[in-house]
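Input: a single structure, listed below in structure tokens.
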Amino acid sequence: MDRISYFIRRLLLVIPTFLAITFVCFAICQFVPGGPVEQTLIRMRGLGDSNRGASSGPAISAEQRKAIEIHFGFDKPIPQRYWKWLVTDRMGLAVSSYLYPNKTVWQLISQRFPVSLIFGLTGFLLTYLVCIPLGIAKALRHGSGFDAASSALVFTGYAIPAFAFGMVLKSLLCGTHDFALNLFPVSGFRSANYELLSGGQQFLDIAHHMFLPVLCYMIGNFAVLTLLMKNSLLEQVSQDYVRTVLAKGGSLRRAVWGHALRNALIPVATGLGGVLTVMFAGSVLIERVFEIPGMGLLGLEAILSRDYMLFMGILGLTSLLGLLGRILSDFC
């Protein structure tokens with residue numbers, strides 16, 4: 001009963017936490033210069049310059065500026081604007097993007113979502129599938145040559161920035177130079193003839209394009225998760241209950257795999273809730289290097305272009321999924 005009440009309280013806390021996160025970010029966005037009003041005024045001045053000549057800059061009247069502010073809703077108080085964004089505009093997902101006026105925020109997100117889902121989910125799962133067994137192997141062979149060599153390899157990968165590692169791989173394996181091997185595509189998520197391929201060929205085509213980006217995404221997470229698994233298992237192996245199993249005649253294999261491993265996975269399980277947000281987080285730099293049209297690149301475009309609606313739509317979904325992910329981590 002205590003567990004049920006705990007999760008009920010956690011679920012109820014999601015509501016005020018989500019409102020606080022989104023309201024603070026929404027309020028900050030209203031004061032950042034270069035928003036839709038300023039961009040519209042710049043475009044009007046540029047149009048006037050092209051019509052009248054560079055020597056005669058057009059004057060924007062106060063009435064015109066007021067009309068633009070009314071059009072974008074900047075004439076209303078911030079709480080009223082936030083309520084409209086949250087309820088009427090459905091977290092801004094139902095309104096048009098400033099950067100892409102012919103598409104709603106949800107349409108833009110839904111177009112990029114499959115790309116980030118494959119990219120993020122594949123990297124997330126492969127990281128756990130590799131790091132957990134590697135951490136167990138390092139713990140069972142603590143102090144051996146394998147432990148030292150794998151630690152050196154893991155920390156080397158951790159020390160290399162993911163985007164820099166991606167640029168090196170792209171230069172060596174994507175045929176961008178005369179000395180490079182042409183083994184992988186230079187950029188993109190899939191080939192131009194993707195729609196003409198069969199189901200199996202489409203899977204292989206996406207895997208071919210995503211191999212290097214996923215590898216770059218994983219390399220930065222290896223060290224933390226691997227050492228977390230190793231240290232957690234070492235701590236559990238030194239506990240009294242493991243010695244009790246051995247004293248009763250149980251084998252080390254049974255003590256580790258039947259008892260210690262289950263408790264050692266508890267710290268690792270706290271990160272499983274990140275699976276809900278990994279498809280929205282993406283990696284901006286890796287997506288820029290390999291020109292992958294994912295959520296990370298879309299979020300960067302929204303920030304650089306001051307597209308508040310698009311940015312807040314991504315932030316709202318990411319915040320909500322992140323809060324639910326923390327509850328999922330506690331459950332795990």
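Every chain in the structure tokens takes a letter, A first, then B, and so on in the order presented; its residues are numbered from 1, and the ligands are numbered from 1 following the presented order.
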
| request: Based on DSSP run over this structure's backbone, return all residues of range 11-164 of chain A in helix (DSSP H, G or I), as a PyMOL selection string. | output: chain A and resi 11-31+36-52+62-72+78-88+105-140+145-159+162-164

| field | 7 Å contact set for Arg288 in chain A, only C-alpha atoms, chain neighbours under 4 positions out, as number ranges by chain | value | A: 284, 292, 297

Would you mind exporting N, CA, C and O atoms of the selected residues as a PDB file, in the first residue's frame?
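Final file, result-v8.pdb:
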```pdb
ATOM      1  N   VAL A 284      22.622  17.189 -30.872  1.00  0.00           N
ATOM      2  CA  VAL A 284      22.662  18.275 -31.851  1.00  0.00           C
ATOM      3  C   VAL A 284      23.931  18.207 -32.682  1.00  0.00           C
ATOM      4  O   VAL A 284      23.888  18.287 -33.923  1.00  0.00           O
ATOM      5  N   ILE A 292      21.690  14.653 -40.017  1.00  0.00           N
ATOM      6  CA  ILE A 292      20.532  13.809 -39.727  1.00  0.00           C
ATOM      7  C   ILE A 292      19.375  14.715 -39.314  1.00  0.00           C
ATOM      8  O   ILE A 292      19.496  15.480 -38.358  1.00  0.00           O
ATOM      9  N   LEU A 297      18.463  18.556 -34.085  1.00  0.00           N
ATOM     10  CA  LEU A 297      18.688  19.588 -35.091  1.00  0.00           C
ATOM     11  C   LEU A 297      17.483  20.515 -35.192  1.00  0.00           C
ATOM     12  O   LEU A 297      17.630  21.728 -35.395  1.00  0.00           O
TER      13      LEU A 297
END
```

What are the nearest atom pairs, with distances in Å to one decimal, for all residues of range 214-308 of chain A that come at most 9 Å from range 29-36 of chain A, using only C-alpha atoms, set out by chain and rising residue number as a Markdown table?
```
| residue | atom | partner | partner_atom | distance |
| --- | --- | --- | --- | --- |
| A:Ser305 | CA | A:Gly34 | CA | 8.1 |
| A:Arg306 | CA | A:Gly35 | CA | 5.4 |
| A:Asp307 | CA | A:Gly35 | CA | 7.2 |
| A:Tyr308 | CA | A:Cys29 | CA | 6.6 |
```

Could you build a table of the residues in range 249-280 of chain A lying no more than 12 Å from range 220-224 of chain A, giving for each the nearest pair of atoms and their separation in Å rounded to one decimal place, using only C-alpha atoms, ordered by chain and ascending residue number, as JSON lines?
```
{"residue": "A:Pro267", "atom": "CA", "partner": "A:Val224", "partner_atom": "CA", "distance": 11.7}
{"residue": "A:Val268", "atom": "CA", "partner": "A:Val224", "partner_atom": "CA", "distance": 10.2}
{"residue": "A:Gly271", "atom": "CA", "partner": "A:Val224", "partner_atom": "CA", "distance": 11.3}
```

Those same residues - C-alpha atoms - I'd like them written as a short mmCIF file (atom, residue, chain, number, x, y, z; two decimals), in the first residue's frame.
```cif
data_model
loop_
_atom_site.label_atom_id
_atom_site.label_comp_id
_atom_site.auth_asym_id
_atom_site.auth_seq_id
_atom_site.Cartn_x
_atom_site.Cartn_y
_atom_site.Cartn_z
CA PRO A 267 21.85 2.01 -9.55
CA VAL A 268 21.93 1.13 -13.25
CA GLY A 271 18.73 5.51 -15.86
#
```

| field | Test item: residues at most 6 Å from range 150-166 of chain A, only C-alpha atoms, excluding those fewer than 4 positions along its chain, as a PyMOL selection string | value | chain A and resi 146+170+216+219-220+223+285-286

| request: Would you please work out which residue, of A:Ile303, A:Leu276, A:Trp83, A:Arg65, is nearest to Leu321 in chain A when using only C-alpha atoms? | output: A:Leu276

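Proximity to Ser116 in chain A was assessed for A:Ile68, A:Met210, A:Leu19, A:Ile4 counting only C-alpha atoms; the smallest distance is recorded for A:Met210.
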
| query | If you run DSSP on the backbone, which residues of range 63-311 of chain A are strand (DSSP E or B), as a ChimeraX atom specification? | reply | /A:96,104,174,182

Would you write out those residues with C-alpha atoms, as an mmCIF file, in the first residue's frame?
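Result went into part22.cif, see below:
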```cif
data_model
loop_
_atom_site.group_PDB
_atom_site.id
_atom_site.type_symbol
_atom_site.label_atom_id
_atom_site.label_comp_id
_atom_site.auth_asym_id
_atom_site.auth_seq_id
_atom_site.Cartn_x
_atom_site.Cartn_y
_atom_site.Cartn_z
ATOM 1 C CA SER A 96 1.913 27.201 -36.751
ATOM 2 C CA THR A 104 2.084 23.246 -37.157
ATOM 3 C CA CYS A 174 32.811 8.026 -45.859
ATOM 4 C CA ASN A 182 33.963 4.725 -48.996
#
```

| query | Looking at only C-alpha atoms, which of A:Ala137, A:Val289, A:Val130, A:Met229 is the one that sits closest to Ser171 in chain A? | reply | A:Val289

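With only C-alpha atoms as the atoms that count, the residue of A:Thr176, A:Gly313, A:Phe124, A:Ala27 with the shortest distance to Pro79 in chain A is A:Ala27.
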
| Residues near Ala207 in chain A, cut-off 12 Å, only C-alpha atoms, skip fewer than 3 positions along chain, as a VMD selection string | chain A and resid 115 118 to 119 122 to 123 184 to 185 188 to 191 200 to 204 210 to 215

| task | With a distance cut-off of 7 Å and only C-alpha atoms, select the neighbouring residues of Gly273 in chain A, excluding the residue or stretch itself and same-chain residues fewer than 4 positions from it, and output the selection as a PyMOL selection string. | result | chain A and resi 325-326+328-329
